[in-house]
Amino acid sequence: MQTPGLADASSLQPSRWQTTAKTLWRFRAFYLMLLPGIVYFVIFRYFPMYGVIIAFKDFAIMEGITGSPWINPWYKHFQDFYQSPYFGQLMTNTLLISLYKLVWGTLPPILLALLLNECRLRWLKSFVQTLTYMPHFLSWVIIFGILLSLFSQNGGLINRWIVESGGSSIPFLTSTDYFRSILVGSEVWQNLGWGAIIYLAAMSGIDPTLYEAAKVDGATRLRMIWHITLPGIRSIIILLFILKLGHLLDAGFDQIYILYNIQVYPVADILDTWVYRTGLQQMNFSLASAVGLFKSSIGLLLVLGANGLAKRWGEGIW
Amino acid sequence: MVRGLDDKLFNTFVYIILGLCGLAAVLPILYVVSVSITPFGEVLRNGGFILFPREITFSAYKTLLTESNIPRAFQVTIFITVVGTAVNLVLTALMAYPLSRKNLPGRHLFLLMIVFTLLFSGGIIPTYLIVKSMGLLDSVWAMILPNAVWSFNVLIMKSFFEGLPEELFESARMDGAKEFRILLQIVTPLSVPVLLTVGLFYLVGHWNEFFQAIFYVTDRTLFPLQVVVREILMQSQQPLENAENMMPTQTMQMASVMLASLPVIVIYPFLQKHFTKGMLLGSIKG
């Protein structure tokens, strides 16, 4: 009895459902375009986020992610990791390597950008830019090859020089004394030019009349750098520094995995490399996932914190 | 007077340091080149310093290209680079175009879904289990599909599309053009710069492919170039006694390094400005 009445009402005024359906239909081509990408994100990005529940399970290959039994207590893997001798070493290595890279990865690109900005010879400027940007595109395997040719104990250029001048060869790549310097140094070499791009762009945004006024006042080039250029890019420097702080736990898996060897594990093994070895090489899936989850959770907090901080700073500056 | 002199001194200082930076970037690569074309005996005799070799031989390259698994690795790498980049670009453009339409219902939800993956991930192990359960282990697709879309590149392309004049789309729609046709015939030709930039990032990523291979591939015939080159390099980490008669001599190792990096080094100078543009586009977003 009520049905006709309802039908009447909806024919007069389309229900919210119908309007929504109509809008969605109108945009159907767009949703169709999005579909493959969304499917990709769901399968390869969001399913793993679900799969991380194995950090709280006793994962067995045959049972799968859903079928494996929950572990008791739920934080057992985290506790095991925390109480293991690895914990302190991995955290120390991760944070130290990351901090070294943060400091050494910030100053040299700023200096290079300043020099490029002061360069009055256009050809020299673009030539040096081309040369210094290039290492950014070389893979770590290639850089490993270059490092071997220069630093390896048998046949490396540096060691040949040392031996020839009467010294004894130094195991740069396999000694705990040198390995972190090799990591930081090769990272600086790879990213010196590429890191300068953004500072250089910020410098080109500085009002040129500031420099002209300073010139009239008789300021030297060094004074202009100190009083105009550096303050002009200060906010970018701080912003990038804060954003990099958000990635403090990413000490550089790609680089370290390719460059390290068993002799330098004590100073080079980081959370990511340990997770890889424990999980995929020793098949200890649950423990490795727990450590991975520990890392990405703290990483998320750090990034969010850094972004919040950057925004606050941004408001203060602009 | 004094200022002019100061200025000259300052300039000279700047030029010298810049020149040194340029040399520091390129000398290690030149050294690798010269080791790779110098007979190994000559390398040993000269105390290693052979920036300009007196004797040149390409035998290391010849050996690598005929008697090692480098040619096979080249095939794999070229395949994943070509097919992978094509898949990347199609999927990325198909996502970026709808997301650049500000009136698309649910746009923010989709964007959030993409941005969140930049902040948090399930990690190596769960991803491995998913790839395994999809039956992708030990196939070339394991090196293409798990990284088929980079969130960052979607954002770069989306912001470029947002800058295109709205009237173009409107008039095309008036003429009854379907959205797929608009994307293909209007947006794409206007977006060559961003397609090139994003495409180059994907391309270099595939050429340097290493990690998905060691995660997901155990079949040696499917190893890409970088993995094979690393194996050749690892053979040096052995005791000194037999260093001289060991098969992959330093010459051979450096030749393999050159083979794997040459394509990037050769095309890079011509495309440098597109890379730089991408870097700036990306950092504005970030």
# chains A, B, ... in the order shown; residues from 1 in each chain; ligands from 1

$ interface_residues --of "chain A" --to "chain B" --cutoff "6 Å" --atoms "only C-alpha atoms" --output "list in words"
Phe30, Met33, Leu34, Gly37, Phe44, Pro48, Met49, Gly51, Val52, Leu115, Val128, Leu131, Thr132, Ser139, Val141, Ile142, Leu157, Arg160, Ser289, Gly292 and Leu300 of chain A

$ residues_around --residues "Trp74 (chain A)" --least-positions-apart "3" --cutoff "10 Å" --atoms "only C-alpha atoms" --output "list in words"
Ala55, Phe56, Lys57, Asp58, Trp70, Ile71, His77, Phe78 and Gln79 of chain A

$ select_by_dssp --residues "region 112-260 of chain A" --states "helix (DSSP H, G or I)" --output "VMD selection string"
chain A and resid 112 to 118 122 to 137 140 to 151 157 to 164 179 to 204 208 to 216 221 to 245 253 to 259

$ closest_residue --among "B:Val192, B:Val83, B:Leu200, B:Val115" --to "Leu155 (chain B)" --atoms "only C-alpha atoms"
B:Val115

$ residues_around --residues "region 96-100 of chain A" --least-positions-apart "3" --cutoff "12 Å" --atoms "only C-alpha atoms" --output "short mmCIF file (atom, residue, chain, number, x, y, z; two decimals) with C-alpha atoms, in the first residue's frame"
data_model
loop_
_atom_site.label_atom_id
_atom_site.label_comp_id
_atom_site.auth_asym_id
_atom_site.auth_seq_id
_atom_site.Cartn_x
_atom_site.Cartn_y
_atom_site.Cartn_z
CA GLY A 88 71.27 -1.61 20.43
CA GLN A 89 73.67 -2.16 17.58
CA LEU A 90 71.08 -1.73 14.84
CA MET A 91 69.61 1.41 16.37
CA THR A 92 73.05 2.93 16.93
CA ASN A 93 74.17 2.18 13.40
CA VAL A 103 75.12 16.78 8.32
CA TRP A 104 77.47 15.95 5.46
CA GLY A 105 74.64 15.86 2.97
CA THR A 106 73.50 19.37 3.83
CA LEU A 107 76.60 21.57 3.93
CA PHE A 179 83.44 1.85 6.42
CA ARG A 180 81.12 4.57 7.71
CA SER A 181 83.34 7.22 6.14
CA ILE A 182 83.12 5.31 2.86
CA LEU A 183 79.32 5.30 3.16
CA VAL A 184 79.08 9.00 3.91
CA GLY A 185 81.74 9.95 1.38
CA GLU A 187 76.78 9.46 -0.64
CA VAL A 188 78.20 12.99 -0.72
CA PHE A 241 66.76 19.90 7.06
CA LYS A 244 65.22 15.07 6.17
CA LEU A 245 64.93 14.63 9.94
CA GLY A 246 61.66 12.85 9.22
CA HIS A 247 63.63 10.13 7.44
CA LEU A 248 66.12 9.56 10.23
CA LEU A 249 65.47 5.82 10.26
CA ASP A 250 66.17 5.48 6.54
CA ALA A 251 69.92 5.28 6.67
CA GLY A 252 70.05 4.09 3.04
CA PHE A 253 69.20 0.42 2.55
CA GLN A 255 73.60 1.80 -0.61
CA ILE A 256 74.49 -0.18 2.49
CA VAL A 267 79.26 -0.68 12.14
CA ALA A 268 77.08 -0.92 9.03
CA ASP A 269 74.16 -3.21 9.74
CA ILE A 270 70.99 -1.10 9.92
CA LEU A 271 67.35 -1.95 10.65
#

$ closest_residue --among "A:Leu121, A:Glu212, A:Ser68, A:Asn154" --to "Ile54 (chain A)" --atoms "only C-alpha atoms"
A:Ser68
